[in-house]
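Data block for target_24.json (JSON, C-alpha atoms):
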[["chain", "number", "residue", "atom", "x", "y", "z"],
["O", 147, "MET", "CA", 29.93, 42.84, -28.71],
["O", 148, "LYS", "CA", 26.23, 42.59, -29.46],
["O", 149, "ILE", "CA", 26.58, 38.93, -30.37],
["O", 150, "SER", "CA", 28.42, 38.29, -27.13],
["O", 151, "LEU", "CA", 25.53, 39.91, -25.22],
["O", 152, "PHE", "CA", 23.04, 37.64, -26.94],
["O", 153, "ARG", "CA", 25.13, 34.57, -26.22],
["O", 154, "PHE", "CA", 25.50, 35.65, -22.60],
["O", 155, "LEU", "CA", 21.71, 35.96, -22.20],
["O", 156, "PHE", "CA", 21.09, 32.64, -23.92],
["O", 157, "ILE", "CA", 23.67, 30.80, -21.80],
["O", 158, "GLY", "CA", 22.27, 32.47, -18.70],
["O", 159, "VAL", "CA", 18.75, 31.21, -19.40],
["O", 160, "ILE", "CA", 20.01, 27.70, -20.05],
["O", 161, "GLY", "CA", 22.08, 27.82, -16.87],
["O", 162, "VAL", "CA", 19.12, 28.90, -14.75],
["O", 163, "LEU", "CA", 16.95, 26.14, -16.16],
["O", 164, "SER", "CA", 19.70, 23.57, -15.56],
["O", 165, "VAL", "CA", 20.29, 24.60, -11.97],
["O", 166, "SER", "CA", 16.58, 24.71, -11.17],
["O", 167, "SER", "CA", 16.16, 21.21, -12.57],
["O", 168, "CYS", "CA", 18.89, 19.68, -10.36],
["O", 169, "ALA", "CA", 17.95, 17.83, -7.18],
["O", 170, "PRO", "CA", 20.34, 16.61, -4.49],
["O", 171, "ARG", "CA", 20.77, 12.85, -4.09],
["O", 172, "ALA", "CA", 19.75, 13.13, -0.42],
["O", 173, "LYS", "CA", 16.17, 13.95, -1.46],
["O", 174, "ILE", "CA", 15.84, 11.28, -4.14],
["O", 175, "ALA", "CA", 17.75, 8.08, -3.30],
["O", 176, "TYR", "CA", 16.06, 5.45, -1.12],
["O", 177, "MET", "CA", 17.58, 3.80, 1.98],
["O", 178, "GLN", "CA", 20.79, 5.80, 2.02],
["O", 179, "ASN", "CA", 23.70, 4.53, 4.15],
["O", 180, "ILE", "CA", 22.09, 1.12, 4.56],
["O", 181, "GLU", "CA", 25.56, -0.36, 4.97],
["O", 182, "SER", "CA", 25.82, 1.33, 8.37],
["O", 183, "LEU", "CA", 22.91, -0.74, 9.70],
["O", 184, "GLY", "CA", 24.68, -4.06, 9.35],
["O", 185, "SER", "CA", 22.18, -6.91, 9.60],
["O", 186, "ALA", "CA", 18.61, -5.64, 9.89],
["O", 187, "THR", "CA", 16.49, -6.88, 12.76],
["O", 188, "ASP", "CA", 14.20, -9.74, 11.71],
["O", 189, "HIS", "CA", 10.72, -8.61, 12.71],
["O", 190, "THR", "CA", 8.16, -11.38, 12.57],
["O", 191, "PHE", "CA", 5.07, -9.76, 11.08],
["O", 192, "GLU", "CA", 1.56, -11.16, 11.15],
["O", 193, "SER", "CA", -1.59, -9.32, 10.14],
["O", 194, "LYS", "CA", -4.35, -9.08, 12.69],
["O", 195, "VAL", "CA", -8.00, -9.77, 11.93],
["O", 196, "GLN", "CA", -10.02, -6.55, 11.77],
["O", 197, "PRO", "CA", -13.73, -5.70, 11.57],
["O", 198, "ASP", "CA", -15.15, -6.05, 8.04],
["O", 199, "ASP", "CA", -12.50, -8.60, 7.07],
["O", 200, "LEU", "CA", -13.78, -11.44, 4.93],
["O", 201, "LEU", "CA", -12.30, -14.71, 6.14],
["O", 202, "LEU", "CA", -11.99, -17.97, 4.29],
["O", 203, "ILE", "CA", -11.93, -20.81, 6.82],
["O", 204, "ILE", "CA", -12.06, -24.40, 5.62],
["O", 205, "VAL", "CA", -11.93, -27.32, 8.05],
["O", 206, "SER", "CA", -10.82, -30.75, 6.88],
["O", 207, "ALA", "CA", -9.98, -34.03, 8.62],
["O", 208, "ASP", "CA", -9.47, -37.73, 8.00],
["O", 209, "ASP", "CA", -13.24, -38.26, 8.10],
["O", 210, "PRO", "CA", -14.86, -35.98, 5.46],
["O", 211, "GLU", "CA", -18.34, -36.51, 6.91],
["O", 212, "ALA", "CA", -17.26, -35.35, 10.36],
["O", 213, "VAL", "CA", -16.20, -31.88, 9.15],
["O", 214, "VAL", "CA", -19.44, -31.06, 7.32],
["O", 215, "PRO", "CA", -21.09, -29.37, 10.37],
["O", 216, "PHE", "CA", -18.04, -27.12, 10.77],
["O", 217, "ASN", "CA", -17.90, -25.69, 7.25],
["O", 218, "LEU", "CA", -20.02, -23.14, 5.50],
["O", 219, "THR", "CA", -21.85, -24.59, 2.54],
["O", 220, "THR", "CA", -20.62, -23.77, -0.94],
["O", 221, "ARG", "CA", -22.90, -21.98, -3.35],
["O", 222, "MET", "CA", -23.24, -21.91, -7.10],
["O", 223, "THR", "CA", -22.46, -18.65, -8.86],
["O", 224, "SER", "CA", -24.28, -18.05, -12.13],
["O", 225, "ASN", "CA", -22.53, -17.75, -15.46],
["O", 226, "PRO", "CA", -24.16, -14.80, -17.27],
["O", 227, "GLU", "CA", -22.38, -15.57, -20.54],
["O", 228, "ASN", "CA", -23.58, -19.18, -20.67],
["O", 229, "PRO", "CA", -26.67, -19.55, -18.45],
["O", 230, "GLY", "CA", -27.32, -23.04, -19.71],
["O", 231, "MET", "CA", -23.86, -24.24, -18.68],
["O", 232, "GLY", "CA", -24.42, -23.60, -14.98],
["O", 233, "GLY", "CA", -22.02, -21.79, -12.67],
["O", 234, "GLN", "CA", -19.08, -22.43, -10.43],
["O", 235, "GLN", "CA", -18.90, -23.44, -6.81],
["O", 236, "SER", "CA", -17.92, -20.62, -4.45],
["O", 237, "GLN", "CA", -16.94, -21.02, -0.82],
["O", 238, "GLN", "CA", -18.90, -18.71, 1.46],
["O", 239, "LEU", "CA", -16.91, -16.34, 3.63],
["O", 240, "TYR", "CA", -17.08, -15.20, 7.24],
["O", 241, "LEU", "CA", -17.64, -11.46, 7.77],
["O", 242, "VAL", "CA", -16.03, -10.09, 10.92],
["O", 243, "ASP", "CA", -18.54, -7.78, 12.63],
["O", 244, "SER", "CA", -17.79, -4.44, 14.32],
["O", 245, "GLN", "CA", -17.09, -6.24, 17.62],
["O", 246, "GLY", "CA", -14.62, -8.66, 16.03],
["O", 247, "TYR", "CA", -16.92, -11.73, 16.07],
["O", 248, "ILE", "CA", -17.88, -14.28, 13.41],
["O", 249, "ASP", "CA", -20.67, -16.85, 13.49],
["O", 250, "PHE", "CA", -19.03, -20.25, 13.12],
["O", 251, "PRO", "CA", -21.10, -23.35, 12.26],
["O", 252, "SER", "CA", -21.74, -25.58, 15.31],
["O", 253, "LEU", "CA", -19.35, -23.55, 17.47],
["O", 254, "GLY", "CA", -21.39, -20.34, 17.61],
["O", 255, "ARG", "CA", -19.95, -16.83, 17.94],
["O", 256, "LEU", "CA", -16.18, -16.66, 18.05],
["O", 257, "LYS", "CA", -14.12, -13.54, 18.61],
["O", 258, "LEU", "CA", -11.25, -13.45, 16.12],
["O", 259, "GLY", "CA", -10.83, -9.67, 15.87],
["O", 260, "GLY", "CA", -7.39, -8.53, 17.00],
["O", 261, "LEU", "CA", -5.87, -11.99, 16.64],
["O", 262, "THR", "CA", -2.94, -12.86, 14.39],
["O", 263, "ARG", "CA", -3.02, -15.79, 11.96],
["O", 264, "SER", "CA", -1.26, -18.12, 14.41],
["O", 265, "GLN", "CA", -3.62, -17.07, 17.22],
["O", 266, "VAL", "CA", -6.66, -17.68, 15.02],
["O", 267, "MET", "CA", -5.36, -21.14, 14.12],
["O", 268, "ASP", "CA", -4.73, -21.98, 17.78],
["O", 269, "THR", "CA", -8.18, -20.75, 18.80],
["O", 270, "LEU", "CA", -10.00, -22.75, 16.14],
["O", 271, "GLN", "CA", -7.85, -25.81, 16.76],
["O", 272, "SER", "CA", -8.73, -25.82, 20.47],
["O", 273, "LYS", "CA", -12.42, -25.41, 19.67],
["O", 274, "LEU", "CA", -12.45, -28.25, 17.13],
["O", 275, "ASN", "CA", -10.29, -30.78, 18.97],
["O", 276, "PRO", "CA", -13.18, -32.14, 21.11],
["O", 277, "TYR", "CA", -15.17, -32.95, 17.96],
["O", 278, "LEU", "CA", -12.61, -33.86, 15.30],
["O", 279, "LYS", "CA", -9.53, -36.03, 15.12],
["O", 280, "ASN", "CA", -6.52, -34.23, 13.67],
["O", 281, "PRO", "CA", -8.43, -31.26, 12.19],
["O", 282, "ILE", "CA", -6.67, -29.32, 9.43],
["O", 283, "LEU", "CA", -7.41, -25.62, 8.93],
["O", 284, "ASN", "CA", -7.12, -23.42, 5.87],
["O", 285, "PHE", "CA", -7.35, -19.76, 6.83],
["O", 286, "ARG", "CA", -7.01, -16.60, 4.72],
["O", 287, "ILE", "CA", -8.11, -12.95, 4.72],
["O", 288, "THR", "CA", -9.63, -12.62, 1.26],
["O", 289, "ASN", "CA", -10.18, -8.84, 1.09],
["O", 290, "TYR", "CA", -6.67, -7.78, 2.14],
["O", 291, "LYS", "CA", -6.05, -4.39, 0.54],
["O", 292, "ILE", "CA", -4.06, -1.18, 0.90],
["O", 293, "VAL", "CA", -4.59, 2.30, -0.56],
["O", 294, "VAL", "CA", -1.85, 4.44, -2.09],
["O", 295, "GLU", "CA", -2.60, 8.08, -2.94],
["O", 296, "GLY", "CA", -0.71, 11.24, -3.84],
["O", 297, "GLU", "CA", 2.41, 11.64, -5.91],
["O", 298, "VAL", "CA", 2.73, 8.14, -7.35],
["O", 299, "ALA", "CA", 2.42, 7.00, -10.93],
["O", 300, "ARG", "CA", -0.72, 4.88, -10.39],
["O", 301, "PRO", "CA", -2.64, 5.81, -7.23],
["O", 302, "GLY", "CA", -5.48, 3.55, -6.16],
["O", 303, "VAL", "CA", -6.61, 0.53, -4.16],
["O", 304, "HIS", "CA", -4.37, -2.56, -4.37],
["O", 305, "ARG", "CA", -5.74, -5.97, -3.40],
["O", 306, "ILE", "CA", -3.04, -8.24, -2.01],
["O", 307, "ALA", "CA", -3.07, -12.01, -2.53],
["O", 308, "SER", "CA", -0.83, -12.66, 0.47],
["O", 309, "GLU", "CA", -1.13, -11.21, 3.98],
["O", 310, "ARG", "CA", 2.18, -9.38, 4.08],
["O", 311, "ILE", "CA", 3.42, -6.44, 2.05],
["O", 312, "THR", "CA", 6.10, -3.84, 2.68],
["O", 313, "LEU", "CA", 5.76, -0.11, 2.14],
["O", 314, "LEU", "CA", 8.28, -0.28, -0.71],
["O", 315, "GLU", "CA", 6.28, -3.06, -2.39],
["O", 316, "ALA", "CA", 3.11, -0.99, -2.11],
["O", 317, "LEU", "CA", 4.83, 1.97, -3.73],
["O", 318, "ALA", "CA", 6.17, -0.31, -6.48],
["O", 319, "LEU", "CA", 2.64, -1.56, -7.16],
["O", 320, "SER", "CA", 1.70, 2.08, -7.68],
["O", 321, "GLY", "CA", 4.48, 2.63, -10.20],
["O", 322, "ASP", "CA", 6.81, 4.25, -7.62],
["O", 323, "LEU", "CA", 6.86, 7.91, -6.58],
["O", 324, "THR", "CA", 6.87, 10.60, -9.21],
["O", 325, "ILE", "CA", 9.76, 13.05, -9.27],
["O", 326, "TYR", "CA", 7.49, 15.42, -7.32],
["O", 327, "GLY", "CA", 6.84, 13.08, -4.37],
["O", 328, "LYS", "CA", 8.35, 13.83, -0.94],
["O", 329, "ARG", "CA", 10.34, 10.73, -0.10],
["O", 330, "ASP", "CA", 11.20, 11.88, 3.39],
["O", 331, "ASN", "CA", 7.65, 12.46, 4.67],
["O", 332, "ILE", "CA", 5.34, 9.63, 3.54],
["O", 333, "LEU", "CA", 2.16, 9.43, 5.61],
["O", 334, "VAL", "CA", 0.82, 6.01, 6.68],
["O", 335, "ILE", "CA", -2.66, 5.91, 8.27],
["O", 336, "ARG", "CA", -3.55, 2.74, 10.15],
["O", 337, "GLU", "CA", -6.62, 1.55, 12.04],
["O", 338, "GLN", "CA", -6.01, -1.07, 14.69],
["O", 339, "ASP", "CA", -8.04, -2.21, 17.69],
["O", 340, "GLY", "CA", -10.65, 0.42, 16.93],
["O", 341, "GLN", "CA", -8.16, 3.31, 16.95],
["O", 342, "ARG", "CA", -6.81, 5.25, 14.00],
["O", 343, "THR", "CA", -3.11, 6.09, 14.13],
["O", 344, "HIS", "CA", -0.66, 7.67, 11.72],
["O", 345, "ALA", "CA", 3.07, 8.02, 11.21],
["O", 346, "ARG", "CA", 5.50, 9.79, 8.90],
["O", 347, "VAL", "CA", 8.07, 7.60, 7.18],
["O", 348, "ASP", "CA", 11.33, 8.73, 5.59],
["O", 349, "ILE", "CA", 12.31, 6.14, 2.99],
["O", 350, "THR", "CA", 15.52, 7.99, 2.16],
["O", 351, "LYS", "CA", 16.86, 6.83, 5.54],
["O", 352, "SER", "CA", 17.76, 3.17, 5.80],
["O", 353, "ASP", "CA", 16.64, 2.78, 9.42],
["O", 354, "PHE", "CA", 12.97, 2.87, 8.39],
["O", 355, "ILE", "CA", 13.19, -0.84, 7.59],
["O", 356, "ASN", "CA", 13.16, -1.48, 11.35],
["O", 357, "SER", "CA", 10.07, 0.65, 11.98],
["O", 358, "PRO", "CA", 6.54, -0.72, 12.63],
["O", 359, "TYR", "CA", 5.51, 0.75, 9.28],
["O", 360, "TYR", "CA", 7.97, -1.16, 7.13],
["O", 361, "TYR", "CA", 5.26, -3.83, 6.81],
["O", 362, "LEU", "CA", 1.77, -2.58, 6.03],
["O", 363, "SER", "CA", -1.43, -3.91, 7.58],
["O", 364, "GLN", "CA", -4.66, -4.48, 5.67],
["O", 365, "ASN", "CA", -6.61, -1.28, 4.96],
["O", 366, "ASP", "CA", -3.56, 0.94, 5.53],
["O", 367, "VAL", "CA", -3.65, 4.23, 3.62],
["O", 368, "VAL", "CA", -0.36, 5.52, 2.20],
["O", 369, "TYR", "CA", -0.20, 9.16, 1.12],
["O", 370, "VAL", "CA", 2.76, 10.67, -0.72],
["O", 371, "GLU", "CA", 2.87, 14.42, -0.23],
["O", 372, "PRO", "CA", 3.87, 16.67, -3.16],
["O", 373, "ASN", "CA", 7.14, 18.58, -2.88],
["O", 374, "LYS", "CA", 7.58, 22.33, -3.24],
["O", 375, "THR", "CA", 8.18, 22.07, -6.97],
["O", 376, "ARG", "CA", 4.77, 20.46, -7.52],
["O", 377, "VAL", "CA", 3.05, 22.91, -5.17],
["O", 378, "ASN", "CA", 4.63, 25.89, -6.90],
["O", 379, "ALA", "CA", 3.79, 24.45, -10.32],
["O", 380, "SER", "CA", 0.14, 24.14, -9.30],
["O", 381, "VAL", "CA", 0.14, 27.83, -8.41],
["O", 382, "VAL", "CA", 1.90, 28.92, -11.60],
["O", 383, "GLY", "CA", -0.12, 26.42, -13.62],
["O", 384, "PRO", "CA", -1.76, 28.13, -16.60],
["O", 385, "ASN", "CA", 0.68, 31.08, -16.45],
["O", 386, "ILE", "CA", 3.75, 28.99, -17.26],
["O", 387, "THR", "CA", 2.93, 28.91, -20.97],
["O", 388, "VAL", "CA", 2.51, 32.67, -21.03],
["O", 389, "GLY", "CA", 5.83, 33.11, -19.23],
["O", 390, "LEU", "CA", 7.70, 30.84, -21.63],
["O", 391, "THR", "CA", 6.11, 32.64, -24.60],
["O", 392, "ALA", "CA", 7.17, 36.02, -23.19],
["O", 393, "LEU", "CA", 10.72, 34.75, -22.61],
["O", 394, "SER", "CA", 10.89, 33.42, -26.15],
["O", 395, "LEU", "CA", 9.66, 36.76, -27.47],
["O", 396, "VAL", "CA", 12.32, 38.68, -25.51],
["O", 397, "ILE", "CA", 15.09, 36.42, -26.83],
["O", 398, "THR", "CA", 13.78, 36.85, -30.38],
["O", 399, "ILE", "CA", 13.73, 40.66, -30.06],
["O", 400, "ILE", "CA", 17.28, 40.67, -28.70],
["O", 401, "ALA", "CA", 18.41, 38.42, -31.54],
["O", 402, "LEU", "CA", 16.89, 40.80, -34.14],
["O", 403, "THR", "CA", 18.33, 43.83, -32.39],
["O", 404, "VAL", "CA", 21.91, 42.59, -32.32],
["O", 405, "LYS", "CA", 21.98, 41.80, -36.04]]
Can you dump the structure from the file as structure tokens?
Amino acid sequence: MKISLFRFLFIGVIGVLSVSSCAPRAKIAYMQNIESLGSATDHTFESKVQPDDLLLIIVSADDPEAVVPFNLTTRMTSNPENPGMGGQQSQQLYLVDSQGYIDFPSLGRLKLGGLTRSQVMDTLQSKLNPYLKNPILNFRITNYKIVVEGEVARPGVHRIASERITLLEALALSGDLTIYGKRDNILVIREQDGQRTHARVDITKSDFINSPYYYLSQNDVVYVEPNKTRVNASVVGPNITVGLTALSLVITIIALTVK
């Protein structure tokens, strides 16, 4: 009888721990019921130039001499490890000011802020056509970055080589959400056209792939909120060890008593 009581208590503790550790699929799995969407809408996404962007713009043409006035000069960067060996050539970049303008050689101040890549290319092409024959443009945002914070494995700033990244890719770069991250309430903060906006994204629902926040813009901040388990754990915190020790002591006393 006494042994049965001990076994009952032991099984009860294990059962409570097992139940408390279970989580429904609806709170964990990503993009549930995606089959019901059919073919997703193809959204053409292009990043827009923003203040403080660093732009690489290189102009080339059939006549190399003709494009010289329309390019920033390259500079030599020093080599601290081998000063005597010289440095490397580095192309200077255009800094977009707070009003969205850059100072372009020979063409003066140009407003590129708020324009997409294709719009920037069209603008520069129209400005250069009177001076150059068949100008070719190389354009890139060199400081494209996004920030991921909260309940992810590796929070931090991620610099992106391309100019397009999805929310899922950003989370993957951060090592994905921890088990304590709220997958149905991810906050995305975005600054565009001088205004800061935000939205909550539920990545457990498949329809989020058609939202404006499926693709991230440069300088977006992604915050993964902790779930109730993490919040409660932070409150219990240092007391959890004491609680487990007390529970172990109670079980030990019961085991000695029933012998």
Query raised in the report: What is the distance, in Å and to one decimal place, between CA of Thr190 in chain O and CA of Leu261 in chain O?
Result: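 For CA of Thr190 in chain O relative to CA of Leu261 in chain O, the distance reads 14.6 Å.
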Query raised in the report: Which residues come within 7 Å of range 317-327 of chain O, counting only C-alpha atoms, excluding same-chain residues fewer than 2 positions away, as a list of chain:residue names?
Result: O:Glu297, O:Val298, O:Ala299, O:Arg300, O:Pro301, O:Leu313, O:Leu314, O:Glu315, O:Arg329, O:Val370, O:Glu371, O:Pro372, O:Asn373, O:Thr375, O:Arg376
Query - Atomic separation - CA of Thr219 in chain O relative to CA of Phe285 in chain O, Å - result: 15.9 Å
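When only C-alpha atoms are used to measure the gap to Val195 in chain O, the shortest distance among O:Ile287, O:Ile248, O:Leu274, O:Ile399 belongs to O:Ile287.
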Query raised in the report: Which residues, written as a ChimeraX atom specification, have at least one atom at most 7 Å from range 289-296 of chain O, with all atoms listed in the file counted and residues fewer than 3 positions away on the same chain left out?
Result: /O:199-200,301-306,309,364-371
Each residue of range 282-355 of chain O lying at most 12 Å from range 267-271 of chain O should get a row with its shortest atom-to-atom pair and the distance in Å to one decimal, counting all atoms listed in the file; could you produce that, ordered by chain and increasing number, as CSV?
residue,atom,partner,partner_atom,distance
O:Ile282,CA,O:Gln271,CA,8.2
O:Leu283,CA,O:Met267,CA,7.2
O:Asn284,CA,O:Met267,CA,8.7
O:Phe285,CA,O:Met267,CA,7.7
O:Arg286,CA,O:Met267,CA,10.6
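Restricting the calculation to all atoms listed in the file, the smallest distance between Asp198 in chain O and any of O:Pro276, O:Pro215, O:Gly259, O:Gly254 is found for O:Gly259.
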Requested in this report: List the neighbours of Pro251 in chain O out to 8 Å using only C-alpha atoms; skip same-chain residues closer than 6 positions along the sequence, and give me the result as a VMD selection string.
Outcome: chain O and resid 215 to 218
**Report entry** Length of the CA of Glu337 in chain O to CA of Leu239 in chain O vector [Å]
**Finding:**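 Answer for the CA of Glu337 in chain O to CA of Leu239 in chain O separation: 22.3 Å.
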Query raised in the report: Of the candidates O:Val213, O:Asp353, O:Leu202, O:Ala316, which one gets nearest to Asn275 in chain O if we count all atoms listed in the file?
Result: O:Val213
Query raised in the report: Restricting the calculation to all atoms listed in the file, which member of O:Gly260, O:Ser244, O:Phe191, O:Ile311 is positioned closest to Pro358 in chain O?
Result: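 Of O:Gly260, O:Ser244, O:Phe191, O:Ile311, the one nearest Pro358 in chain O, counting all atoms listed in the file, is O:Phe191.
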